[in-house]
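Structure file coords14.cif (mmCIF, C-alpha atoms and all ligand atoms) follows.
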data_final
#
loop_
_atom_site.label_atom_id
_atom_site.label_comp_id
_atom_site.auth_asym_id
_atom_site.auth_seq_id
_atom_site.Cartn_x
_atom_site.Cartn_y
_atom_site.Cartn_z
CA MET A 13 -16.48 -10.47 -15.46
CA SER A 14 -15.77 -9.68 -19.09
CA GLU A 15 -13.18 -11.78 -20.94
CA SER A 16 -12.24 -8.84 -23.14
CA ARG A 17 -11.48 -6.29 -20.41
CA PRO A 18 -8.44 -6.55 -18.13
CA LEU A 19 -9.11 -7.29 -14.44
CA ALA A 20 -7.62 -5.46 -11.46
CA LEU A 21 -7.77 -6.58 -7.83
CA VAL A 22 -7.39 -3.84 -5.23
CA THR A 23 -6.92 -4.50 -1.51
CA GLY A 24 -7.91 -1.77 0.93
CA ALA A 25 -10.42 -0.49 -1.62
CA SER A 26 -12.92 0.77 0.95
CA ALA A 27 -11.06 4.04 1.64
CA GLY A 28 -8.12 6.31 0.85
CA ILE A 29 -5.45 5.38 -1.67
CA GLY A 30 -7.12 2.05 -2.55
CA ALA A 31 -10.47 3.68 -3.41
CA ALA A 32 -8.71 6.41 -5.43
CA TYR A 33 -6.70 3.76 -7.30
CA ALA A 34 -9.84 1.72 -8.01
CA ARG A 35 -11.55 4.83 -9.45
CA LYS A 36 -8.60 5.50 -11.76
CA LEU A 37 -8.43 1.87 -12.93
CA ALA A 38 -12.17 1.79 -13.67
CA GLU A 39 -11.78 5.02 -15.65
CA SER A 40 -9.07 3.25 -17.69
CA GLY A 41 -11.44 0.34 -18.46
CA TYR A 42 -10.46 -2.32 -15.90
CA ASP A 43 -13.02 -4.64 -14.37
CA LEU A 44 -12.47 -4.69 -10.62
CA VAL A 45 -12.40 -7.01 -7.63
CA LEU A 46 -12.58 -4.81 -4.52
CA VAL A 47 -11.21 -6.20 -1.25
CA ALA A 48 -11.43 -4.84 2.33
CA ARG A 49 -13.37 -5.71 5.51
CA ARG A 50 -16.24 -3.17 5.21
CA ARG A 51 -18.69 -4.70 2.76
CA GLU A 52 -21.07 -1.68 2.56
CA ARG A 53 -18.21 0.63 1.56
CA LEU A 54 -17.09 -1.81 -1.13
CA GLU A 55 -20.63 -2.22 -2.44
CA ALA A 56 -21.13 1.55 -2.68
CA LEU A 57 -17.86 1.95 -4.61
CA ALA A 58 -18.64 -1.02 -6.85
CA ALA A 59 -22.03 0.47 -7.76
CA GLU A 60 -20.50 3.90 -8.41
CA LEU A 61 -17.79 2.53 -10.72
CA ALA A 62 -20.06 0.14 -12.61
CA GLY A 63 -22.55 2.98 -13.21
CA LYS A 64 -19.98 5.58 -14.23
CA HIS A 65 -17.54 3.59 -16.33
CA ARG A 66 -19.55 0.59 -17.57
CA VAL A 67 -17.07 -1.90 -16.12
CA GLU A 68 -17.88 -4.98 -14.08
CA THR A 69 -17.19 -4.83 -10.37
CA GLU A 70 -17.14 -7.51 -7.70
CA VAL A 71 -16.85 -7.08 -3.97
CA LEU A 72 -14.82 -9.55 -1.94
CA PRO A 73 -15.05 -8.67 1.76
CA ALA A 74 -12.11 -10.22 3.60
CA ASP A 75 -9.94 -9.64 6.62
CA LEU A 76 -6.47 -10.16 5.19
CA THR A 77 -4.94 -10.75 8.63
CA CYS A 78 -6.93 -14.03 8.88
CA ASP A 79 -5.85 -17.20 7.11
CA ALA A 80 -9.36 -17.77 5.69
CA GLY A 81 -9.68 -14.22 4.34
CA LEU A 82 -6.25 -14.30 2.74
CA GLN A 83 -6.87 -17.73 1.23
CA ALA A 84 -10.19 -16.56 -0.28
CA VAL A 85 -8.47 -13.63 -2.01
CA ALA A 86 -5.52 -15.74 -3.18
CA ASP A 87 -8.02 -18.29 -4.59
CA ARG A 88 -9.90 -15.52 -6.41
CA ILE A 89 -6.64 -14.45 -8.03
CA GLY A 90 -5.96 -18.06 -8.97
CA ARG A 91 -9.28 -18.12 -10.90
CA ALA A 92 -8.67 -14.77 -12.63
CA ASP A 93 -7.22 -15.57 -16.05
CA ASN A 94 -7.37 -11.94 -17.19
CA LEU A 95 -5.79 -10.42 -14.06
CA GLU A 96 -3.56 -7.59 -15.23
CA PHE A 97 -3.25 -5.47 -12.10
CA LEU A 98 -2.84 -6.19 -8.40
CA LEU A 99 -2.68 -3.40 -5.84
CA ASN A 100 -1.46 -4.61 -2.44
CA ASN A 101 -2.53 -1.55 -0.50
CA ALA A 102 -4.45 -2.59 2.64
CA GLY A 103 -2.57 -1.34 5.67
CA PHE A 104 -2.71 0.52 8.94
CA GLY A 105 -0.49 2.39 11.37
CA ALA A 106 -0.09 2.03 15.11
CA SER A 107 1.73 3.80 17.87
CA GLY A 108 3.58 3.00 21.04
CA ARG A 109 6.88 1.40 21.89
CA PHE A 110 7.09 -2.15 20.52
CA TRP A 111 7.09 -3.95 23.86
CA GLU A 112 4.39 -1.72 25.34
CA ALA A 113 1.93 -1.96 22.42
CA PRO A 114 -0.25 -5.12 22.21
CA VAL A 115 1.50 -7.98 20.47
CA GLU A 116 -1.78 -8.72 18.61
CA VAL A 117 -1.45 -5.39 16.80
CA GLN A 118 2.17 -6.12 15.81
CA ASP A 119 1.10 -9.56 14.63
CA ALA A 120 -1.80 -8.21 12.56
CA MET A 121 0.44 -5.59 10.95
CA HIS A 122 3.01 -8.18 9.88
CA ARG A 123 0.25 -10.44 8.55
CA LEU A 124 -1.27 -7.61 6.53
CA HIS A 125 1.81 -5.77 5.26
CA VAL A 126 4.11 -8.77 4.81
CA LEU A 127 2.25 -12.08 4.64
CA ALA A 128 -0.74 -10.86 2.60
CA THR A 129 1.51 -8.92 0.21
CA MET A 130 3.72 -11.99 -0.29
CA ARG A 131 0.84 -14.47 -0.78
CA LEU A 132 -1.21 -12.30 -3.15
CA THR A 133 1.84 -11.26 -5.17
CA HIS A 134 2.80 -14.92 -5.53
CA ALA A 135 -0.68 -15.86 -6.74
CA ALA A 136 -0.74 -12.91 -9.17
CA LEU A 137 2.75 -13.36 -10.62
CA ARG A 138 1.99 -17.03 -11.35
CA LYS A 139 -0.82 -15.86 -13.65
CA MET A 140 0.86 -12.74 -15.01
CA THR A 141 4.23 -14.27 -15.89
CA ALA A 142 2.49 -17.16 -17.69
CA ARG A 143 0.53 -14.67 -19.82
CA GLY A 144 3.45 -12.25 -20.17
CA ARG A 145 1.46 -9.21 -19.03
CA GLY A 146 0.40 -7.35 -15.92
CA ALA A 147 1.63 -5.26 -13.02
CA VAL A 148 1.76 -5.51 -9.22
CA VAL A 149 1.95 -2.35 -7.12
CA ASN A 150 2.83 -2.77 -3.44
CA VAL A 151 2.01 0.24 -1.28
CA SER A 152 4.94 0.97 0.99
CA SER A 153 5.83 4.35 2.51
CA VAL A 154 8.55 6.96 2.97
CA ALA A 155 8.75 5.31 6.40
CA ALA A 156 10.51 2.38 4.69
CA PHE A 157 13.73 4.39 4.50
CA ILE A 158 14.16 4.96 8.23
CA ALA A 159 13.79 3.39 11.65
CA ARG A 160 12.19 5.57 14.28
CA VAL A 161 10.78 5.46 17.76
CA GLY A 162 7.11 4.65 18.27
CA ASN A 163 6.00 2.47 15.35
CA VAL A 164 8.80 -0.01 14.78
CA SER A 165 6.65 -2.67 13.09
CA TYR A 166 5.30 -0.14 10.60
CA TYR A 167 8.75 1.09 9.57
CA SER A 168 10.18 -2.40 9.31
CA THR A 169 7.26 -4.00 7.43
CA LYS A 170 7.37 -1.16 4.89
CA ALA A 171 11.14 -1.65 4.51
CA TRP A 172 10.39 -5.33 3.80
CA ILE A 173 7.95 -4.31 1.04
CA ASN A 174 10.68 -2.25 -0.65
CA ASN A 175 13.23 -5.03 -0.47
CA PHE A 176 10.74 -7.67 -1.61
CA THR A 177 9.61 -5.60 -4.58
CA GLU A 178 13.17 -4.71 -5.62
CA GLY A 179 14.06 -8.41 -5.62
CA LEU A 180 11.00 -9.26 -7.72
CA HIS A 181 11.87 -6.49 -10.17
CA MET A 182 15.32 -8.06 -10.58
CA GLU A 183 13.91 -11.57 -10.98
CA LEU A 184 11.41 -10.44 -13.62
CA LYS A 185 14.18 -8.66 -15.52
CA ASP A 186 16.37 -11.73 -15.22
CA ALA A 187 13.50 -13.83 -16.64
CA ARG A 188 13.02 -11.21 -19.44
CA SER A 189 9.38 -10.90 -18.36
CA PRO A 190 7.41 -7.79 -19.38
CA VAL A 191 5.44 -8.02 -16.09
CA ARG A 192 6.08 -4.99 -13.87
CA VAL A 193 6.31 -4.52 -10.13
CA GLN A 194 6.44 -1.27 -8.22
CA THR A 195 6.87 -0.25 -4.62
CA LEU A 196 4.90 2.93 -4.05
CA CYS A 197 6.29 5.08 -1.21
CA PRO A 198 3.99 7.97 -0.29
CA GLY A 199 4.60 10.47 2.47
CA TYR A 200 1.74 11.97 4.51
CA THR A 201 -1.44 11.48 2.49
CA VAL A 202 -4.94 12.66 3.39
CA THR A 203 -6.96 9.46 3.88
CA GLU A 204 -8.59 7.73 6.87
CA PHE A 205 -5.19 6.33 7.91
CA HIS A 206 -4.47 8.97 10.55
CA ASP A 207 -8.07 8.93 11.84
CA VAL A 208 -7.74 5.19 12.43
CA MET A 209 -4.49 5.86 14.34
CA GLY A 210 -5.92 8.81 16.26
CA PHE A 211 -3.16 11.07 14.88
CA ASP A 212 -3.80 14.83 14.72
CA ARG A 213 -3.11 15.98 11.12
CA ARG A 214 -2.44 19.54 12.34
CA LEU A 215 0.90 18.34 13.73
CA VAL A 216 2.21 18.11 10.16
CA PRO A 217 2.68 21.22 7.97
CA ARG A 218 0.04 21.57 5.29
CA SER A 219 2.60 21.61 2.46
CA LEU A 220 3.63 18.05 3.32
CA TRP A 221 0.19 16.53 2.75
CA LEU A 222 -0.45 14.71 -0.53
CA SER A 223 -3.87 13.77 -1.87
CA ALA A 224 -4.69 10.13 -2.65
CA ASP A 225 -5.13 11.20 -6.30
CA ASP A 226 -1.59 12.68 -6.37
CA VAL A 227 -0.26 9.34 -5.14
CA VAL A 228 -2.18 7.31 -7.74
CA THR A 229 -1.18 9.62 -10.60
CA ALA A 230 2.50 9.34 -9.63
CA SER A 231 2.23 5.55 -9.40
CA LEU A 232 0.63 5.18 -12.83
CA ALA A 233 3.17 7.53 -14.43
CA GLY A 234 5.93 5.44 -12.80
CA LEU A 235 4.47 2.26 -14.25
CA GLN A 236 4.53 3.81 -17.73
CA ARG A 237 8.22 4.61 -17.24
CA GLY A 238 8.92 1.16 -15.81
CA ASP A 239 10.06 2.53 -12.42
CA TRP A 240 10.18 -0.17 -9.73
CA MET A 241 10.12 2.47 -6.98
CA VAL A 242 7.93 5.58 -6.91
CA VAL A 243 8.09 8.35 -4.31
CA PRO A 244 5.30 10.87 -5.06
CA GLY A 245 6.03 14.60 -4.65
CA TRP A 246 9.33 16.53 -4.93
CA ARG A 247 9.61 17.16 -1.19
CA TYR A 248 9.52 13.45 -0.44
CA LYS A 249 11.87 12.62 -3.33
CA LEU A 250 14.39 14.99 -1.75
CA LEU A 251 13.82 13.56 1.73
CA VAL A 252 14.28 9.99 0.49
CA LEU A 253 17.45 10.96 -1.35
CA LEU A 254 18.82 12.45 1.86
CA LEU A 255 17.74 9.47 3.94
CA ARG A 256 19.46 7.09 1.53
CA LEU A 257 22.68 9.11 1.60
CA LEU A 258 22.91 9.95 5.30
CA PRO A 259 25.10 7.69 7.41
CA ARG A 260 23.15 5.68 10.03
CA ALA A 261 24.90 7.43 12.93
CA ILE A 262 23.50 10.80 11.82
CA LYS A 263 20.00 9.35 11.43
CA HIS A 264 20.16 8.02 14.98
CA LEU A 265 21.36 11.40 16.23
CA ALA A 266 18.48 13.12 14.41
CA ALA A 267 16.04 10.72 16.12
CA ASP A 268 17.52 11.64 19.51
CA LEU A 269 17.24 15.36 18.76
CA GLY A 270 13.67 15.14 17.42
CA PRO A 271 10.69 16.70 19.26
CA GLY A 272 10.77 15.27 22.77
CA GLY A 273 14.03 13.40 22.07
CA GLY A 274 14.05 9.67 22.71
CA LYS A 275 11.29 10.11 25.32
CA ARG A 276 8.68 11.74 23.08
CA ASP A 277 5.11 10.52 22.79
CA ALA A 278 5.27 8.00 19.98
CA THR A 279 2.09 9.29 18.30
CA THR A 280 3.73 12.66 17.51
CA ALA A 281 6.75 11.10 15.90
CA THR A 282 5.32 8.83 13.24
CA LEU A 283 6.27 9.52 9.65
CA GLU A 284 3.96 7.56 7.39
N1 LIG A 301 -2.11 7.95 4.51
C1 LIG A 301 -0.79 8.05 4.59
O1 LIG A 301 -0.22 9.08 5.06
C2 LIG A 301 0.09 6.95 4.05
C3 LIG A 301 1.44 7.23 3.78
C4 LIG A 301 2.26 6.23 3.31
C5 LIG A 301 1.76 4.97 3.08
N2 LIG A 301 0.45 4.71 3.34
C6 LIG A 301 -0.04 3.35 3.09
O2 LIG A 301 -1.11 3.41 2.17
C7 LIG A 301 -1.92 2.25 2.30
C8 LIG A 301 -3.39 2.64 2.28
O3 LIG A 301 -3.65 3.44 3.41
P1 LIG A 301 -4.58 4.73 3.35
O4 LIG A 301 -3.73 5.89 3.66
O5 LIG A 301 -5.40 4.74 2.11
O6 LIG A 301 -5.44 4.43 4.66
P2 LIG A 301 -7.02 4.18 4.90
O7 LIG A 301 -7.81 5.29 4.28
O8 LIG A 301 -7.16 3.95 6.36
O9 LIG A 301 -7.30 2.83 4.09
C9 LIG A 301 -6.80 1.60 4.55
C10 LIG A 301 -7.48 0.48 3.80
O10 LIG A 301 -6.96 -0.78 4.24
C11 LIG A 301 -8.06 -1.63 4.56
N3 LIG A 301 -7.68 -2.58 5.59
C12 LIG A 301 -7.16 -2.31 6.83
N4 LIG A 301 -7.01 -3.43 7.54
C13 LIG A 301 -7.43 -4.46 6.74
C14 LIG A 301 -7.54 -5.87 6.91
N5 LIG A 301 -7.19 -6.46 8.07
N6 LIG A 301 -8.02 -6.62 5.88
C15 LIG A 301 -8.39 -6.03 4.72
N7 LIG A 301 -8.32 -4.71 4.50
C16 LIG A 301 -7.86 -3.92 5.50
C17 LIG A 301 -9.16 -0.68 5.02
O11 LIG A 301 -10.45 -1.24 4.83
P3 LIG A 301 -11.40 -1.89 5.96
O12 LIG A 301 -11.21 -1.09 7.22
O13 LIG A 301 -12.76 -1.77 5.35
O14 LIG A 301 -10.91 -3.29 6.07
C18 LIG A 301 -8.98 0.46 4.04
O15 LIG A 301 -9.63 0.17 2.84
C19 LIG A 301 -1.47 1.57 3.60
O16 LIG A 301 -0.67 0.45 3.28
C20 LIG A 301 -0.62 2.63 4.30
O17 LIG A 301 0.40 2.06 5.10
C21 LIG A 301 -0.40 5.66 3.81
#
Could the structure of this file be written out as structure tokens, please?
Amino acid sequence: MSESRPLALVTGASAGIGAAYARKLAESGYDLVLVARRRERLEALAAELAGKHRVETEVLPADLTCDAGLQAVADRIGRADNLEFLLNNAGFGASGRFWEAPVEVQDAMHRLHVLATMRLTHAALRKMTARGRGAVVNVSSVAAFIARVGNVSYYSTKAWINNFTEGLHMELKDARSPVRVQTLCPGYTVTEFHDVMGFDRRLVPRSLWLSADDVVTASLAGLQRGDWMVVPGWRYKLLVLLLRLLPRAIKHLAADLGPGGGKRDATTATLE
């Protein structure tokens, strides 16, 4: 890795929003450490970016739900003196009522969305605050603003990401640090996410789908402005505003009146 170029570490770089973010960072001159489980995907992206943008790329295959995988990535951050960007993006959705879905899936989701985000952010902020530069973007979701039937761990782990990032933003301000944090809250985005879940994209109106590039562009613009929370797209900005204003009782009523009411098939009800 070059000492003169800034370094970015991207989790979930083998697909979707993570791969799109990695492409944009390479275009802006960052060297990259690419993290996900699928090594071949990471290697293909690393070769593409190194060839196109003349940056250095490294692949670090790791399962971030395992202690060993998470430790390896945290250690890599600990050795990265020029780390200026961390994207905590690796994530997945699931469906089914909490007590009916396998506990292993709930456990893995909390490890990935909560534990990995906390550990890697801690490792990164140690370096970044000491140098007085850098940014951490945690990928959350519009789902963070509600609780709904059928994917309780997803909604609640994303709400944790928002709260965690808001607190860090306040601590960094309190410490007068120029280091930035952002919680990025996309709505439906065309990636492999819904394929992994087995969710039929046709159930959602076309106008609600964002592209991964839209999401990355909004995030980077938000970082320039210093926004700690970014919701890409005007439709979702409006939705989030409503969700933040609506009393809880009305949200619960809306959940009861949704397609299929409280008894609907959980896979049709998930808002990512
Ligand atoms: N797509 C949406 O509608 C949407 C909306 C709001 C928020 N989000 C959030 O956006 C983030 C990225 O999702 P995406 O839409 O880009 O989905 P995606 O295309 O399925 O990408 C998910 C990425 O996470 C990686 N990943 C999953 N489990 C992992 C593990 N145990 N260890 C390491 N890496 C792991 C995957 O790589 P490997 O399989 O190779 O490990 C992949 O690179 C997620 O946090 C998701 O919750 C998505």
Between A:Arg247, A:Arg123, A:Lys36, A:Arg66, single out the one closest to ligand LIG 301 (chain A), counting only C-alpha atoms and all ligand atoms. A:Arg123
Please, which residues have at least one atom within 6 Å of an atom of ligand LIG 301 (chain A), using all atoms listed in the file, listed as an mmCIF file with C-alpha atoms, in the frame of the given file?
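As written to disk, result_14.cif reads:
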data_model
loop_
_atom_site.group_PDB
_atom_site.id
_atom_site.type_symbol
_atom_site.label_atom_id
_atom_site.label_comp_id
_atom_site.auth_asym_id
_atom_site.auth_seq_id
_atom_site.Cartn_x
_atom_site.Cartn_y
_atom_site.Cartn_z
ATOM 1 C CA GLY A 24 -7.910 -1.770 0.930
ATOM 2 C CA ALA A 25 -10.420 -0.490 -1.620
ATOM 3 C CA SER A 26 -12.920 0.770 0.950
ATOM 4 C CA ALA A 27 -11.060 4.040 1.640
ATOM 5 C CA GLY A 28 -8.120 6.310 0.850
ATOM 6 C CA ILE A 29 -5.450 5.380 -1.670
ATOM 7 C CA GLY A 30 -7.120 2.050 -2.550
ATOM 8 C CA ALA A 48 -11.430 -4.840 2.330
ATOM 9 C CA ARG A 49 -13.370 -5.710 5.510
ATOM 10 C CA ARG A 50 -16.240 -3.170 5.210
ATOM 11 C CA ALA A 74 -12.110 -10.220 3.600
ATOM 12 C CA ASP A 75 -9.940 -9.640 6.620
ATOM 13 C CA LEU A 76 -6.470 -10.160 5.190
ATOM 14 C CA THR A 77 -4.940 -10.750 8.630
ATOM 15 C CA ASN A 101 -2.530 -1.550 -0.500
ATOM 16 C CA ALA A 102 -4.450 -2.590 2.640
ATOM 17 C CA GLY A 103 -2.570 -1.340 5.670
ATOM 18 C CA PHE A 104 -2.710 0.520 8.940
ATOM 19 C CA VAL A 151 2.010 0.240 -1.280
ATOM 20 C CA SER A 152 4.940 0.970 0.990
ATOM 21 C CA SER A 153 5.830 4.350 2.510
ATOM 22 C CA PRO A 198 3.990 7.970 -0.290
ATOM 23 C CA GLY A 199 4.600 10.470 2.470
ATOM 24 C CA TYR A 200 1.740 11.970 4.510
ATOM 25 C CA THR A 201 -1.440 11.480 2.490
ATOM 26 C CA VAL A 202 -4.940 12.660 3.390
ATOM 27 C CA THR A 203 -6.960 9.460 3.880
ATOM 28 C CA GLU A 204 -8.590 7.730 6.870
ATOM 29 C CA PHE A 205 -5.190 6.330 7.910
ATOM 30 C CA GLU A 284 3.960 7.560 7.390
#
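The gap separating CA of Thr177 in chain A from CA of Val193 in chain A is 6.5 Å, in Å to one decimal.
If you measure from each of A:Pro244, A:Trp172, A:Ala120, A:His65 to Ala224 in chain A using all atoms listed in the file, the closest one turns out to be A:Pro244.
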Quick one: residues within 12 Å of His122 in chain A, all atoms listed in the file, excluding same-chain residues fewer than 5 positions away - as a PyMOL selection string? chain A and resi 76-78+102-106+115-117+127-130+164-173
Given all atoms listed in the file as the basis, pick out the residue of A:Glu183, A:Ala159, A:Glu96, A:Thr195 nearest to Val227 in chain A.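 Closest to Val227 in chain A of all the choices is A:Thr195.
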Tell me which of A:Asn163, A:Phe157, A:Thr141, A:Ser223 sits closest to Arg188 in chain A, counting only C-alpha atoms.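 Smallest distance to Arg188 in chain A is found for A:Thr141.
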Quick one: what's the axis-aligned box for range 39-58 of chain A, all listed atoms, 3 Å on every side, centre and edges in Å to one decimal, as AutoDock Vina command-line options?
--center_x -15.1 --center_y -1.0 --center_z -6.5 --size_x 18.1 --size_y 18.0 --size_z 30.0
What is the distance, in Å and to one decimal place, between CA of Ala135 in chain A and CA of Val85 in chain A?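 Here the two named atoms are 9.4 Å from each other.
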Calculated over all atoms listed in the file, which of the candidates A:Pro114, A:Pro259, A:Gly146, A:Pro190 has the smallest distance to Leu99 in chain A? A:Gly146
Would you list the contacts of Ala136 in chain A as a ChimeraX atom specification, taking every protein, DNA or RNA residue within 12 Å and counting all atoms listed in the file, but skipping same-chain residues closer than 5 positions in sequence? /A:19-22,85-100,128-131,141-149,191-193
Those residues with C-alpha atoms, as a CSV table (one decimal), in the coordinates of the input please?
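What follows is the written file again39.csv:
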chain,number,residue,atom,x,y,z
A,19,LEU,CA,-9.1,-7.3,-14.4
A,20,ALA,CA,-7.6,-5.5,-11.5
A,21,LEU,CA,-7.8,-6.6,-7.8
A,22,VAL,CA,-7.4,-3.8,-5.2
A,85,VAL,CA,-8.5,-13.6,-2.0
A,86,ALA,CA,-5.5,-15.7,-3.2
A,87,ASP,CA,-8.0,-18.3,-4.6
A,88,ARG,CA,-9.9,-15.5,-6.4
A,89,ILE,CA,-6.6,-14.4,-8.0
A,90,GLY,CA,-6.0,-18.1,-9.0
A,91,ARG,CA,-9.3,-18.1,-10.9
A,92,ALA,CA,-8.7,-14.8,-12.6
A,93,ASP,CA,-7.2,-15.6,-16.0
A,94,ASN,CA,-7.4,-11.9,-17.2
A,95,LEU,CA,-5.8,-10.4,-14.1
A,96,GLU,CA,-3.6,-7.6,-15.2
A,97,PHE,CA,-3.2,-5.5,-12.1
A,98,LEU,CA,-2.8,-6.2,-8.4
A,99,LEU,CA,-2.7,-3.4,-5.8
A,100,ASN,CA,-1.5,-4.6,-2.4
A,128,ALA,CA,-0.7,-10.9,2.6
A,129,THR,CA,1.5,-8.9,0.2
A,130,MET,CA,3.7,-12.0,-0.3
A,131,ARG,CA,0.8,-14.5,-0.8
A,141,THR,CA,4.2,-14.3,-15.9
A,142,ALA,CA,2.5,-17.2,-17.7
A,143,ARG,CA,0.5,-14.7,-19.8
A,144,GLY,CA,3.4,-12.2,-20.2
A,145,ARG,CA,1.5,-9.2,-19.0
A,146,GLY,CA,0.4,-7.4,-15.9
A,147,ALA,CA,1.6,-5.3,-13.0
A,148,VAL,CA,1.8,-5.5,-9.2
A,149,VAL,CA,2.0,-2.4,-7.1
A,191,VAL,CA,5.4,-8.0,-16.1
A,192,ARG,CA,6.1,-5.0,-13.9
A,193,VAL,CA,6.3,-4.5,-10.1
Might you pull out every residue within 9 Å of Met241 in chain A, with all atoms listed in the file counted and same-chain residues fewer than 6 positions away left off, and present them as a PDB file with C-alpha atoms, in the coordinates of the input?
ATOM      1  CA  ASN A 174      10.680  -2.250  -0.650  1.00  0.00           C
ATOM      2  CA  THR A 177       9.610  -5.600  -4.580  1.00  0.00           C
ATOM      3  CA  GLU A 178      13.170  -4.710  -5.620  1.00  0.00           C
ATOM      4  CA  VAL A 193       6.310  -4.520 -10.130  1.00  0.00           C
ATOM      5  CA  GLN A 194       6.440  -1.270  -8.220  1.00  0.00           C
ATOM      6  CA  THR A 195       6.870  -0.250  -4.620  1.00  0.00           C
ATOM      7  CA  LEU A 196       4.900   2.930  -4.050  1.00  0.00           C
ATOM      8  CA  CYS A 197       6.290   5.080  -1.210  1.00  0.00           C
ATOM      9  CA  SER A 231       2.230   5.550  -9.400  1.00  0.00           C
ATOM     10  CA  GLY A 234       5.930   5.440 -12.800  1.00  0.00           C
TER      11      GLY A 234
END
Which is closest to Ser16 in chain A among A:Arg35, A:Asp225, A:Glu68, A:Val45, if we use all atoms listed in the file? A:Glu68
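What separates CA of Gly245 in chain A from CA of Val216 in chain A is a distance of 15.7 Å.
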Could you give me, as JSON, numbers by chain, the residues within 7 Å of Gly108 in chain A, counting only C-alpha atoms and dropping anything in the same chain fewer than 2 positions from it? {"A": [110, 112, 113, 162, 163, 278]}
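Counting all atoms listed in the file, Tyr42 in chain A has the following residues at most 7 Å away, ignoring those fewer than 3 positions along the same chain: Arg17, Pro18, Leu19, Ala20, Leu37, Ala38 and Val67 of chain A.
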